[in-house]
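Engineer: I am attaching a structure below and will ask some questions about it afterwards.
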Amino acid sequence: AELRKASKRLTCHKRYKIQKKIREHHRKVRKEAKKRGRRKPKKDPGVPSAAPFKEELLREAEQRKQRLEELKQKQKLNRQKEHEKKRKLEAKKNAAKIKEKAEGQESAGKSKAKTNKLLHKNSKKSFCRELKKVIEASDVVLEVLDARDPMGCRCPQLEQAVTCSGGDKKLLLVLNKIDLVPKDNLEKWLNYLKKEFPTVAFKSATLMKDRTMEQFTKRRARVDLSRTTECFGSKCLLKLLQEHGKTQNKAIQVGVVGFPNVGKSSIINSLKGVRACNVGLARGITKSMQIVHIDKQTKMLDSPSIIADPSNNVLALALRSIIDTEESGSADVLEGVDAILNHCSKQQVMMHYSIPDFRNTEEFLSLLAQKRGMLKKGGVPDIENIAKLLLCDWTGAKISYHSQPPGSQRPPPYLTEDKIAEMQQCFNLKNLEEENNNTLQALKYPSPASSIIFQSAGMANGTIEENKVIEEASEWENLEASKEEEEEEEEDDFTESDDDDEDDVEEEEMDVKEIVSSTLTLALVSLTHDFFFFSENEHSNALSFSLDKTADEDDAYDFNTDYV
């Protein structure tokens, strides 16, 4: 049965209300017309009959009309011709595009993707290229480690590349953010790391300003804010580098390398004494090699961060990979937070955040969101944003946590005794120890009770060579190309099917009617068959449909069989 159209009838109250509004509107219009006064349009009087040369004037007027009409027709024809030309050109262009797509769509797509990726500074490939440039150009490589998890910040691929490069290339370890770790733990780590590479304890300066930044007080006295806040370990590091430069008898280039958010750029700023490199909480701010002149003999090379290999565990990827927390998926961020919480003591986390006992990460994040007032509409805790904020806190310099060094000294296979001795040459290790002790005594440290105990996941693998990154990129390119092909095929199918839509709809309606009629007949047949079958075998126990009663009670009415 066809659906009836919706009734246009209104309630009397509504209808009268509308009529009243219309009357009021007409009244208002009339009043305004009265105020303005009625002005009738003037009629064309035409040529008076008494006027001389009346016929000539009328002829001229007709001729003008004809000319105007002819001009209008010509303009129309010209427009039509231009439209036809445009259509033909568009048709040719479309045909050429279709041919190009059919001939070499895959090759063209891949080449475009490659060129775009080469130009794109944020790509992993460009990061690797710039990092390799820094390693090749530098005489001394500073591997920056976060003092809270030094082993997790070490990259075996980088260390192997520097130690096995040949020549007089040296590798120094810089323990940054030492003010976030208890003193005893820091001493243990220095004793452990100095057996493999020369290590420098460092605390970089914060709240750096640009050279141009100046503050005006009320008395109009200029106070320069370009100078740094307190920085520890800079003198020790500069001495080491200057001594190495004197032994080489040349100006040296020092490359600063490490995973994201370990403080590479802030170390260069604190050595320079001015904000020369961009610094921030976001990961991967430095995207290309940057040269900073500290003095005549030393040049610092700032590098983009090492790209964490996807084969690493979840904890290493959460803390060391270049994740844009705004763009990254909520599942990755939640997995990272879960891994961090699993590698910490639960009681210390509860004490630090002053949160009651929780069963899982989601409950922990919801409690933290409620405490910090990060709520969505309806008071629902914003779990995604609080997880991103927590990751930023753990990679930044907010939370104090520490990990214990391994019990036994087991250097990696690429670090033989000869290599260790080679790396420690040209450096005065006694002076280095004294300077490190001075920095340790000058700083204030958090108490061991307030610092969270953290279980390190070991060294984090990184990709330095471009070839390994290209493979991943090519997979993504293939996926994108296949997706584009599928979309184009779907569009073509839609354009072809537009002409035959009506016929298809009619055929479908006919098919549906036939199917419905056939199903009805089958249902009737099956029902009648069942009915006769039950009537013949009423007393059989196997086919009795009574659920609560036995088959012998035939006198009772059976509701289950009464569906026909």
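By order in the structure tokens, chains are A, B, ...; within a chain, residues start at 1; ligands start at 1, following the order shown.
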Can you check which residues of stretch 295-418 of chain A DSSP gives as helix (DSSP H, G or I) on the backbone and send them as a PyMOL selection string?

Structural biologist: chain A and resi 314-320+330-342+346-353+361-372+377-379+383-395+417-418

Engineer: Would you kindly return, as a PyMOL selection string, each protein, DNA or RNA residue with an atom no farther than 8 Å from any atom of stretch 177-186 of chain A, considering only C-alpha atoms and excluding same-chain residues fewer than 4 positions away?

Structural biologist: chain A and resi 146-148+190+201-204+397+399-404+440+443-448+451

Engineer: Need the shell around A:Val47: protein/DNA/RNA residues with any atom at most 12 Å away, counting only C-alpha atoms. Skip same-chain ones fewer than 5 positions apart. Format as a ChimeraX atom specification?

Structural biologist: /A:52-59,61

Engineer: So what do you get for atom CA of A:Cys392 versus atom CA of A:Ala318, distance-wise?

Structural biologist: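 Interatomic distance here is 10.2 Å.
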
Engineer: With DSSP run on the backbone, what are the strand (DSSP E) residues within stretch 196-437 of chain A? I'd like them as a list in words.

Structural biologist: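 Reading the DSSP output for stretch 196-437 of chain A, strand (DSSP E) covers Thr199, Val200, Ala201, Glu214, Gln215, Phe216, Arg222, Val223, Asp224, Ile252, Gln253, Val254, Gly255, Val256, Val257, Gln290, Ile291, Val292, His293, Thr298, Lys299, Met300, Leu301, Asp302, Ile307, Ala308, Tyr401 and His402 of chain A.
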
Engineer: What's the separation between atom CA of A:Asn278 and atom CA of A:Lys169, in Å to one decimal place?

Structural biologist: 27.1 Å

Engineer: Can you measure atom CA of A:Pro411 to atom CA of A:Met151 for me? One decimal in Å is fine.

Structural biologist: 11.8 Å
